[in-house]
$ cat final.cif   # mmCIF, N, CA and C atoms
data_structure
#
loop_
_atom_site.label_atom_id
_atom_site.label_comp_id
_atom_site.auth_asym_id
_atom_site.auth_seq_id
_atom_site.Cartn_x
_atom_site.Cartn_y
_atom_site.Cartn_z
N MET X 1 -17.91 8.52 8.43
CA MET X 1 -16.71 9.05 7.80
C MET X 1 -16.25 8.15 6.65
N LEU X 2 -16.40 6.83 6.81
CA LEU X 2 -15.96 5.92 5.76
C LEU X 2 -17.08 5.55 4.80
N GLN X 3 -18.29 6.06 5.05
CA GLN X 3 -19.43 5.73 4.19
C GLN X 3 -19.13 6.08 2.74
N ALA X 4 -19.22 5.08 1.89
CA ALA X 4 -19.04 5.19 0.44
C ALA X 4 -17.64 5.64 0.04
N LEU X 5 -16.66 5.59 0.97
CA LEU X 5 -15.28 5.93 0.62
C LEU X 5 -14.78 4.88 -0.37
N PRO X 6 -14.41 5.29 -1.60
CA PRO X 6 -14.01 4.31 -2.61
C PRO X 6 -12.61 3.74 -2.32
N ILE X 7 -12.55 2.44 -2.19
CA ILE X 7 -11.29 1.74 -1.90
C ILE X 7 -10.93 0.88 -3.11
N GLN X 8 -9.73 1.07 -3.62
CA GLN X 8 -9.25 0.35 -4.80
C GLN X 8 -8.21 -0.70 -4.38
N PRO X 9 -8.55 -1.98 -4.39
CA PRO X 9 -7.56 -3.02 -4.12
C PRO X 9 -6.59 -3.15 -5.29
N LEU X 10 -5.36 -3.49 -4.99
CA LEU X 10 -4.35 -3.76 -6.02
C LEU X 10 -4.18 -5.27 -6.12
N GLU X 11 -4.03 -5.76 -7.33
CA GLU X 11 -4.04 -7.20 -7.55
C GLU X 11 -2.75 -7.90 -7.14
N GLU X 12 -1.61 -7.24 -7.30
CA GLU X 12 -0.36 -7.96 -7.08
C GLU X 12 0.17 -7.83 -5.65
N GLY X 13 1.12 -8.69 -5.32
CA GLY X 13 1.74 -8.68 -4.01
C GLY X 13 2.85 -7.65 -3.92
N PHE X 14 3.14 -7.21 -2.70
CA PHE X 14 4.15 -6.19 -2.46
C PHE X 14 5.18 -6.67 -1.45
N SER X 15 6.34 -6.01 -1.49
CA SER X 15 7.42 -6.27 -0.55
C SER X 15 7.83 -4.95 0.10
N VAL X 16 8.27 -5.04 1.35
CA VAL X 16 8.83 -3.91 2.07
C VAL X 16 10.31 -4.22 2.24
N CYS X 17 11.16 -3.31 1.77
CA CYS X 17 12.59 -3.59 1.73
C CYS X 17 13.40 -2.52 2.46
N LEU X 18 14.47 -2.96 3.10
CA LEU X 18 15.48 -2.07 3.66
C LEU X 18 16.68 -2.20 2.75
N LEU X 19 17.15 -1.06 2.22
CA LEU X 19 18.23 -1.05 1.24
C LEU X 19 19.45 -0.32 1.76
N ALA X 20 20.61 -0.60 1.15
CA ALA X 20 21.83 0.14 1.47
C ALA X 20 21.82 1.49 0.76
N SER X 21 21.13 1.55 -0.39
CA SER X 21 20.98 2.80 -1.16
C SER X 21 19.84 2.57 -2.15
N PHE X 22 19.49 3.62 -2.87
CA PHE X 22 18.46 3.50 -3.89
C PHE X 22 19.05 3.19 -5.27
N GLU X 23 20.33 2.92 -5.33
CA GLU X 23 20.97 2.61 -6.60
C GLU X 23 20.30 1.39 -7.23
N GLY X 24 19.92 1.53 -8.50
CA GLY X 24 19.28 0.44 -9.22
C GLY X 24 17.77 0.37 -9.06
N VAL X 25 17.19 1.19 -8.20
CA VAL X 25 15.74 1.20 -8.03
C VAL X 25 15.15 2.09 -9.11
N SER X 26 14.21 1.56 -9.86
CA SER X 26 13.58 2.31 -10.94
C SER X 26 12.50 3.23 -10.42
N LEU X 27 12.60 4.49 -10.74
CA LEU X 27 11.56 5.44 -10.38
C LEU X 27 10.43 5.45 -11.41
N GLU X 28 10.58 4.70 -12.46
CA GLU X 28 9.56 4.61 -13.50
C GLU X 28 8.54 3.52 -13.21
N ALA X 29 8.85 2.62 -12.31
CA ALA X 29 7.95 1.51 -12.00
C ALA X 29 6.75 2.03 -11.22
N PRO X 30 5.56 1.57 -11.57
CA PRO X 30 4.36 2.00 -10.82
C PRO X 30 4.34 1.39 -9.43
N TYR X 31 3.76 2.12 -8.51
CA TYR X 31 3.57 1.68 -7.14
C TYR X 31 4.87 1.33 -6.42
N CYS X 32 5.85 2.20 -6.57
CA CYS X 32 7.07 2.10 -5.79
C CYS X 32 7.13 3.31 -4.87
N PHE X 33 7.32 3.07 -3.59
CA PHE X 33 7.33 4.12 -2.59
C PHE X 33 8.69 4.12 -1.90
N LEU X 34 9.38 5.25 -1.96
CA LEU X 34 10.71 5.39 -1.38
C LEU X 34 10.66 6.29 -0.16
N ALA X 35 11.47 5.97 0.84
CA ALA X 35 11.63 6.85 1.99
C ALA X 35 13.10 6.79 2.42
N ARG X 36 13.65 7.98 2.69
CA ARG X 36 15.04 8.04 3.15
C ARG X 36 15.08 8.87 4.42
N THR X 37 15.73 8.33 5.42
CA THR X 37 15.97 9.05 6.67
C THR X 37 17.47 9.00 6.91
N PRO X 38 17.95 9.66 7.94
CA PRO X 38 19.39 9.55 8.24
C PRO X 38 19.82 8.11 8.57
N ARG X 39 18.87 7.24 8.92
CA ARG X 39 19.20 5.87 9.31
C ARG X 39 18.83 4.79 8.30
N GLU X 40 18.03 5.14 7.30
CA GLU X 40 17.62 4.04 6.41
C GLU X 40 17.16 4.52 5.04
N TYR X 41 17.18 3.56 4.13
CA TYR X 41 16.59 3.67 2.80
C TYR X 41 15.52 2.59 2.73
N SER X 42 14.28 2.98 2.61
CA SER X 42 13.19 2.01 2.57
C SER X 42 12.48 2.07 1.22
N LEU X 43 11.97 0.93 0.81
CA LEU X 43 11.26 0.80 -0.46
C LEU X 43 10.08 -0.13 -0.25
N VAL X 44 8.91 0.29 -0.74
CA VAL X 44 7.75 -0.59 -0.85
C VAL X 44 7.48 -0.68 -2.34
N CYS X 45 7.42 -1.90 -2.86
CA CYS X 45 7.24 -2.07 -4.31
C CYS X 45 6.60 -3.43 -4.59
N PRO X 46 6.09 -3.60 -5.83
CA PRO X 46 5.61 -4.93 -6.19
C PRO X 46 6.73 -5.96 -5.99
N THR X 47 6.40 -7.10 -5.46
CA THR X 47 7.40 -8.13 -5.15
C THR X 47 8.24 -8.47 -6.37
N ARG X 48 7.64 -8.50 -7.54
CA ARG X 48 8.40 -8.85 -8.75
C ARG X 48 9.49 -7.83 -9.07
N LEU X 49 9.44 -6.64 -8.47
CA LEU X 49 10.43 -5.60 -8.71
C LEU X 49 11.37 -5.38 -7.52
N ALA X 50 11.23 -6.18 -6.48
CA ALA X 50 12.07 -6.00 -5.29
C ALA X 50 13.53 -6.28 -5.63
N PRO X 51 14.43 -5.38 -5.22
CA PRO X 51 15.85 -5.57 -5.54
C PRO X 51 16.41 -6.82 -4.85
N PRO X 52 17.18 -7.62 -5.58
CA PRO X 52 17.72 -8.85 -4.99
C PRO X 52 18.74 -8.58 -3.88
N GLY X 53 19.37 -7.41 -3.87
CA GLY X 53 20.39 -7.11 -2.87
C GLY X 53 19.89 -6.39 -1.64
N ALA X 54 18.60 -6.47 -1.34
CA ALA X 54 18.05 -5.78 -0.17
C ALA X 54 18.71 -6.29 1.11
N LEU X 55 18.97 -5.39 2.04
CA LEU X 55 19.53 -5.78 3.34
C LEU X 55 18.52 -6.62 4.11
N LYS X 56 17.26 -6.21 4.06
CA LYS X 56 16.16 -6.96 4.65
C LYS X 56 14.98 -6.81 3.70
N ARG X 57 14.13 -7.82 3.71
CA ARG X 57 12.97 -7.79 2.80
C ARG X 57 11.85 -8.62 3.41
N GLU X 58 10.66 -8.04 3.41
CA GLU X 58 9.49 -8.78 3.88
C GLU X 58 8.47 -8.81 2.75
N ASP X 59 8.21 -10.00 2.27
CA ASP X 59 7.24 -10.21 1.21
C ASP X 59 5.87 -10.52 1.83
N GLY X 60 4.88 -10.68 0.98
CA GLY X 60 3.57 -11.13 1.45
C GLY X 60 2.61 -10.02 1.82
N TRP X 61 2.83 -8.82 1.30
CA TRP X 61 1.92 -7.70 1.56
C TRP X 61 0.97 -7.52 0.39
N ARG X 62 -0.22 -7.06 0.66
CA ARG X 62 -1.21 -6.71 -0.36
C ARG X 62 -1.60 -5.26 -0.14
N GLY X 63 -1.91 -4.56 -1.23
CA GLY X 63 -2.17 -3.14 -1.12
C GLY X 63 -3.55 -2.71 -1.62
N LEU X 64 -3.98 -1.58 -1.09
CA LEU X 64 -5.20 -0.92 -1.55
C LEU X 64 -5.04 0.56 -1.28
N TYR X 65 -5.86 1.36 -1.94
CA TYR X 65 -5.77 2.80 -1.72
C TYR X 65 -7.13 3.45 -1.82
N VAL X 66 -7.20 4.65 -1.29
CA VAL X 66 -8.42 5.44 -1.39
C VAL X 66 -8.45 6.01 -2.80
N ALA X 67 -9.42 5.58 -3.60
CA ALA X 67 -9.51 6.01 -4.99
C ALA X 67 -9.96 7.47 -5.04
N GLY X 68 -9.29 8.24 -5.86
CA GLY X 68 -9.60 9.67 -5.96
C GLY X 68 -8.64 10.48 -5.11
N GLU X 69 -8.62 11.75 -5.36
CA GLU X 69 -7.69 12.64 -4.66
C GLU X 69 -8.29 13.11 -3.35
N LEU X 70 -7.52 12.98 -2.28
CA LEU X 70 -7.95 13.44 -0.96
C LEU X 70 -7.44 14.86 -0.73
N ASP X 71 -8.32 15.75 -0.36
CA ASP X 71 -7.94 17.12 -0.06
C ASP X 71 -7.22 17.15 1.28
N PHE X 72 -6.21 18.01 1.40
CA PHE X 72 -5.44 18.09 2.64
C PHE X 72 -6.29 18.54 3.83
N SER X 73 -7.43 19.15 3.58
CA SER X 73 -8.28 19.61 4.68
C SER X 73 -9.10 18.48 5.30
N LEU X 74 -9.17 17.32 4.62
CA LEU X 74 -9.91 16.19 5.17
C LEU X 74 -9.20 15.64 6.40
N VAL X 75 -9.96 15.33 7.42
CA VAL X 75 -9.39 14.86 8.68
C VAL X 75 -9.93 13.47 9.00
N GLY X 76 -9.04 12.57 9.41
CA GLY X 76 -9.46 11.30 9.96
C GLY X 76 -9.66 10.15 8.99
N ILE X 77 -9.36 10.32 7.72
CA ILE X 77 -9.57 9.22 6.76
C ILE X 77 -8.67 8.04 7.13
N LEU X 78 -7.37 8.29 7.22
CA LEU X 78 -6.43 7.22 7.55
C LEU X 78 -6.71 6.65 8.93
N ALA X 79 -7.05 7.50 9.88
CA ALA X 79 -7.37 7.04 11.23
C ALA X 79 -8.60 6.13 11.22
N GLY X 80 -9.62 6.49 10.45
CA GLY X 80 -10.82 5.67 10.38
C GLY X 80 -10.56 4.31 9.77
N LEU X 81 -9.78 4.28 8.72
CA LEU X 81 -9.42 3.01 8.09
C LEU X 81 -8.61 2.15 9.05
N SER X 82 -7.64 2.79 9.68
CA SER X 82 -6.78 2.09 10.63
C SER X 82 -7.57 1.54 11.81
N GLN X 83 -8.50 2.33 12.35
CA GLN X 83 -9.31 1.87 13.48
C GLN X 83 -10.18 0.68 13.11
N ALA X 84 -10.78 0.75 11.93
CA ALA X 84 -11.64 -0.36 11.50
C ALA X 84 -10.82 -1.66 11.42
N LEU X 85 -9.63 -1.58 10.86
CA LEU X 85 -8.78 -2.76 10.74
C LEU X 85 -8.25 -3.22 12.09
N SER X 86 -7.86 -2.27 12.94
CA SER X 86 -7.28 -2.65 14.24
C SER X 86 -8.30 -3.34 15.13
N ARG X 87 -9.57 -2.98 15.00
CA ARG X 87 -10.61 -3.65 15.79
C ARG X 87 -10.69 -5.14 15.47
N ARG X 88 -10.25 -5.51 14.28
CA ARG X 88 -10.24 -6.93 13.87
C ARG X 88 -8.86 -7.56 14.02
N GLY X 89 -7.92 -6.82 14.62
CA GLY X 89 -6.58 -7.37 14.83
C GLY X 89 -5.73 -7.40 13.57
N ILE X 90 -6.05 -6.54 12.61
CA ILE X 90 -5.31 -6.51 11.35
C ILE X 90 -4.32 -5.35 11.38
N SER X 91 -3.04 -5.68 11.33
CA SER X 91 -2.03 -4.62 11.31
C SER X 91 -1.86 -4.12 9.88
N LEU X 92 -1.38 -2.90 9.76
CA LEU X 92 -1.21 -2.32 8.43
C LEU X 92 0.08 -1.54 8.34
N PHE X 93 0.48 -1.31 7.14
CA PHE X 93 1.63 -0.47 6.80
C PHE X 93 1.05 0.60 5.89
N ALA X 94 1.11 1.85 6.30
CA ALA X 94 0.47 2.93 5.53
C ALA X 94 1.52 3.79 4.84
N VAL X 95 1.18 4.24 3.64
CA VAL X 95 2.00 5.18 2.88
C VAL X 95 1.07 6.26 2.35
N SER X 96 1.40 7.49 2.62
CA SER X 96 0.60 8.59 2.09
C SER X 96 1.36 9.29 0.99
N THR X 97 0.63 9.66 -0.06
CA THR X 97 1.21 10.42 -1.16
C THR X 97 0.52 11.78 -1.22
N TYR X 98 0.88 12.57 -2.18
CA TYR X 98 0.27 13.89 -2.32
C TYR X 98 -1.24 13.78 -2.51
N GLN X 99 -1.67 12.76 -3.26
CA GLN X 99 -3.08 12.65 -3.61
C GLN X 99 -3.92 11.74 -2.73
N THR X 100 -3.32 10.71 -2.14
CA THR X 100 -4.15 9.74 -1.44
C THR X 100 -3.36 8.93 -0.42
N ASP X 101 -4.02 7.98 0.20
CA ASP X 101 -3.41 7.08 1.19
C ASP X 101 -3.44 5.65 0.67
N TYR X 102 -2.34 4.95 0.89
CA TYR X 102 -2.20 3.54 0.53
C TYR X 102 -2.07 2.74 1.81
N LEU X 103 -2.74 1.61 1.87
CA LEU X 103 -2.65 0.71 3.01
C LEU X 103 -2.16 -0.65 2.52
N PHE X 104 -1.26 -1.22 3.28
CA PHE X 104 -0.75 -2.55 2.97
C PHE X 104 -1.02 -3.44 4.18
N VAL X 105 -1.58 -4.62 3.91
CA VAL X 105 -1.84 -5.62 4.95
C VAL X 105 -1.22 -6.93 4.51
N GLN X 106 -0.95 -7.78 5.46
CA GLN X 106 -0.38 -9.08 5.13
C GLN X 106 -1.38 -9.91 4.33
N GLN X 107 -0.87 -10.73 3.42
CA GLN X 107 -1.70 -11.60 2.58
C GLN X 107 -2.67 -12.42 3.43
N ARG X 108 -2.19 -12.92 4.57
CA ARG X 108 -3.05 -13.76 5.43
C ARG X 108 -4.28 -13.01 5.94
N ASP X 109 -4.20 -11.66 5.99
CA ASP X 109 -5.31 -10.84 6.47
C ASP X 109 -6.12 -10.20 5.35
N TRP X 110 -5.77 -10.46 4.12
CA TRP X 110 -6.34 -9.75 2.96
C TRP X 110 -7.86 -9.85 2.90
N ASP X 111 -8.39 -11.05 2.89
CA ASP X 111 -9.84 -11.22 2.77
C ASP X 111 -10.57 -10.59 3.95
N ASN X 112 -10.04 -10.78 5.15
CA ASN X 112 -10.64 -10.20 6.34
C ASN X 112 -10.58 -8.66 6.27
N ALA X 113 -9.48 -8.11 5.77
CA ALA X 113 -9.36 -6.65 5.65
C ALA X 113 -10.40 -6.09 4.68
N LEU X 114 -10.57 -6.73 3.54
CA LEU X 114 -11.56 -6.26 2.56
C LEU X 114 -12.97 -6.34 3.14
N GLN X 115 -13.28 -7.43 3.81
CA GLN X 115 -14.59 -7.59 4.43
C GLN X 115 -14.79 -6.52 5.51
N THR X 116 -13.78 -6.28 6.31
CA THR X 116 -13.86 -5.28 7.39
C THR X 116 -14.13 -3.89 6.82
N LEU X 117 -13.42 -3.52 5.77
CA LEU X 117 -13.62 -2.20 5.17
C LEU X 117 -15.00 -2.07 4.55
N ALA X 118 -15.48 -3.14 3.92
CA ALA X 118 -16.83 -3.12 3.35
C ALA X 118 -17.87 -2.95 4.46
N GLU X 119 -17.70 -3.67 5.56
CA GLU X 119 -18.63 -3.55 6.69
C GLU X 119 -18.58 -2.17 7.33
N ALA X 120 -17.42 -1.49 7.21
CA ALA X 120 -17.28 -0.14 7.76
C ALA X 120 -17.90 0.92 6.84
N GLY X 121 -18.42 0.47 5.68
CA GLY X 121 -19.10 1.39 4.78
C GLY X 121 -18.32 1.80 3.56
N CYS X 122 -17.10 1.31 3.41
CA CYS X 122 -16.30 1.66 2.23
C CYS X 122 -16.89 0.99 0.99
N ALA X 123 -16.72 1.64 -0.14
CA ALA X 123 -17.16 1.09 -1.42
C ALA X 123 -15.96 0.42 -2.08
N LEU X 124 -15.93 -0.91 -2.05
CA LEU X 124 -14.81 -1.64 -2.64
C LEU X 124 -14.98 -1.72 -4.15
N LEU X 125 -13.96 -1.27 -4.85
CA LEU X 125 -13.95 -1.32 -6.31
C LEU X 125 -13.34 -2.64 -6.76
N ALA X 126 -13.50 -2.98 -8.03
CA ALA X 126 -12.87 -4.18 -8.57
C ALA X 126 -11.36 -4.03 -8.48
N PRO X 127 -10.63 -5.12 -8.20
CA PRO X 127 -9.18 -5.03 -8.08
C PRO X 127 -8.53 -4.45 -9.34
N GLU X 128 -7.56 -3.58 -9.11
CA GLU X 128 -6.80 -2.99 -10.22
C GLU X 128 -5.71 -3.97 -10.61
N PRO X 129 -5.66 -4.38 -11.88
CA PRO X 129 -4.65 -5.36 -12.30
C PRO X 129 -3.23 -4.78 -12.19
N ALA X 130 -2.27 -5.68 -12.14
CA ALA X 130 -0.86 -5.27 -12.10
C ALA X 130 -0.55 -4.42 -13.32
N VAL X 131 0.25 -3.39 -13.10
CA VAL X 131 0.63 -2.47 -14.16
C VAL X 131 2.05 -2.79 -14.58
N HIS X 132 2.25 -3.05 -15.85
CA HIS X 132 3.58 -3.33 -16.38
C HIS X 132 3.94 -2.27 -17.41
N HIS X 133 5.15 -1.76 -17.30
CA HIS X 133 5.64 -0.82 -18.32
C HIS X 133 6.58 -1.55 -19.24
N ASN X 134 6.85 -0.97 -20.41
CA ASN X 134 7.64 -1.62 -21.44
C ASN X 134 8.98 -2.16 -20.93
N ASN X 135 9.70 -1.41 -20.13
CA ASN X 135 11.02 -1.84 -19.73
C ASN X 135 11.07 -2.43 -18.32
N HIS X 136 9.93 -2.85 -17.79
CA HIS X 136 9.88 -3.47 -16.48
C HIS X 136 9.18 -4.81 -16.59
N PRO X 137 9.66 -5.81 -15.85
CA PRO X 137 9.05 -7.14 -15.92
C PRO X 137 7.58 -7.14 -15.57
#
$ encode --input "final.cif" --output "structure tokens"
Amino acid sequence: MLQALPIQPLEEGFSVCLLASFEGVSLEAPYCFLARTPREYSLVCPTRLAPPGALKREDGWRGLYVAGELDFSLVGILAGLSQALSRRGISLFAVSTYQTDYLFVQQRDWDNALQTLAEAGCALLAPEPAVHHNNHP
């Protein structure tokens, strides 16, 4: 299932934040993931863009994603990636978008996670450099 699945590592570090609101969060910044429930406002973003007023914040995450668009009819991609990592004791934080799945692992597990995915048959691509837009640091 994971044979030749293209995995794109992201070069920069990420933070997972609990916020009081999304006020001041830029929707123009690349790789920012928002979630709102009746109990929380959550944000996953590059650490350099993490809001200073976060209620809670956990830094030290690294990200990667399945390169290319995943069809909704595909079954088990995220489960396969998760199982491969869990067998090595690597926890993850997953975010799914319309087109693909993103996985975040702690920096301390980064090298082991990449090696594990390669051994599981994934095709690791060269790391994607940090993306900066004109009005973002």
$ residues_around --input "final.cif" --residues "Ala4 of chain X" --least-positions-apart "4" --cutoff "12 Å" --atoms "only C-alpha atoms" --output "list of chain:residue names"
X:Val66, X:Ala67, X:Leu117, X:Ala118, X:Glu119, X:Ala120, X:Gly121, X:Cys122, X:Ala123, X:Leu124, X:Leu125
$ select_by_dssp --input "final.cif" --residues "segment 12-117 of chain X" --states "alpha helix (DSSP H)" --output "PyMOL selection string"
chain X and resi 77-87+110-117
$ residues_around --input "final.cif" --residues "segment 49-58 of chain X" --least-positions-apart "2" --cutoff "5 Å" --atoms "only N, CA and C atoms" --output "PyMOL selection string"
chain X and resi 15-19+46-47+60
$ atom_distance --input "final.cif" --atom1 "atom CA of Gly80 of chain X" --atom2 "atom CA of Val95 of chain X"
14.9 Å
$ atom_distance --input "final.cif" --atom1 "atom CA of Asn112 of chain X" --atom2 "atom C of Gln99 of chain X"
24.7 Å
$ resolve_selection --input "final.cif" --expression "the PyMOL selection byres ((chain X and resi 92) around 7)" --output "list in words"
Ile90, Ser91, Phe93, Ala94, Leu103, Phe104, Val105 and Gln106 of chain X
$ write_last_selection --input "final.cif" --atoms "N, CA and C atoms" --output "PDB file, keeping the file's coordinate frame"
ATOM      1  N   ILE X  90      -6.050  -6.540  12.610  1.00  0.00           N
ATOM      2  CA  ILE X  90      -5.310  -6.510  11.350  1.00  0.00           C
ATOM      3  C   ILE X  90      -4.320  -5.350  11.380  1.00  0.00           C
ATOM      4  N   SER X  91      -3.040  -5.680  11.330  1.00  0.00           N
ATOM      5  CA  SER X  91      -2.030  -4.620  11.310  1.00  0.00           C
ATOM      6  C   SER X  91      -1.860  -4.120   9.880  1.00  0.00           C
ATOM      7  N   PHE X  93       0.480  -1.310   7.140  1.00  0.00           N
ATOM      8  CA  PHE X  93       1.630  -0.470   6.800  1.00  0.00           C
ATOM      9  C   PHE X  93       1.050   0.600   5.890  1.00  0.00           C
ATOM     10  N   ALA X  94       1.110   1.850   6.300  1.00  0.00           N
ATOM     11  CA  ALA X  94       0.470   2.930   5.530  1.00  0.00           C
ATOM     12  C   ALA X  94       1.520   3.790   4.840  1.00  0.00           C
ATOM     13  N   LEU X 103      -2.740   1.610   1.870  1.00  0.00           N
ATOM     14  CA  LEU X 103      -2.650   0.710   3.010  1.00  0.00           C
ATOM     15  C   LEU X 103      -2.160  -0.650   2.520  1.00  0.00           C
ATOM     16  N   PHE X 104      -1.260  -1.220   3.280  1.00  0.00           N
ATOM     17  CA  PHE X 104      -0.750  -2.550   2.970  1.00  0.00           C
ATOM     18  C   PHE X 104      -1.020  -3.440   4.180  1.00  0.00           C
ATOM     19  N   VAL X 105      -1.580  -4.620   3.910  1.00  0.00           N
ATOM     20  CA  VAL X 105      -1.840  -5.620   4.950  1.00  0.00           C
ATOM     21  C   VAL X 105      -1.220  -6.930   4.510  1.00  0.00           C
ATOM     22  N   GLN X 106      -0.950  -7.780   5.460  1.00  0.00           N
ATOM     23  CA  GLN X 106      -0.380  -9.080   5.130  1.00  0.00           C
ATOM     24  C   GLN X 106      -1.380  -9.910   4.330  1.00  0.00           C
TER      25      GLN X 106
END
$ atom_distance --input "final.cif" --atom1 "atom N of Phe14 of chain X" --atom2 "atom N of Cys32 of chain X"
10.5 Å
$ resolve_selection --input "final.cif" --expression "the PyMOL selection byres (((chain X and resi 23 and name CA) around 12) and name CA)" --output "MDAnalysis selection string"
chainID X and resid 19:22 24:27 34 41 43 51 53:54
$ select_by_dssp --input "final.cif" --residues "chain X" --states "strand (DSSP E)" --output "number ranges by chain"
X: 6-19, 33-36, 41-46, 56-66, 93-96, 101-106, 123-124
$ decode --input "final.cif" --residues "segment 34-49 of chain X" --atoms "C-alpha atoms" --output "PDB file, in the first residue's frame"
ATOM      1  CA  LEU X  34      -7.025  25.792  11.620  1.00  0.00           C
ATOM      2  CA  ALA X  35      -9.640  23.802  13.513  1.00  0.00           C
ATOM      3  CA  ARG X  36     -12.542  25.133  15.547  1.00  0.00           C
ATOM      4  CA  THR X  37     -14.819  23.106  17.774  1.00  0.00           C
ATOM      5  CA  PRO X  38     -17.263  24.239  20.448  1.00  0.00           C
ATOM      6  CA  ARG X  39     -14.396  23.831  22.960  1.00  0.00           C
ATOM      7  CA  GLU X  40     -11.305  25.078  21.184  1.00  0.00           C
ATOM      8  CA  TYR X  41      -9.497  27.032  18.504  1.00  0.00           C
ATOM      9  CA  SER X  42      -6.459  25.094  17.304  1.00  0.00           C
ATOM     10  CA  LEU X  43      -3.695  26.119  14.933  1.00  0.00           C
ATOM     11  CA  VAL X  44      -0.790  24.188  13.428  1.00  0.00           C
ATOM     12  CA  CYS X  45       1.674  26.528  11.722  1.00  0.00           C
ATOM     13  CA  PRO X  46       5.362  27.156  11.113  1.00  0.00           C
ATOM     14  CA  THR X  47       6.927  28.050  14.464  1.00  0.00           C
ATOM     15  CA  ARG X  48       8.087  31.416  13.128  1.00  0.00           C
ATOM     16  CA  LEU X  49       4.403  32.340  12.592  1.00  0.00           C
TER      17      LEU X  49
END
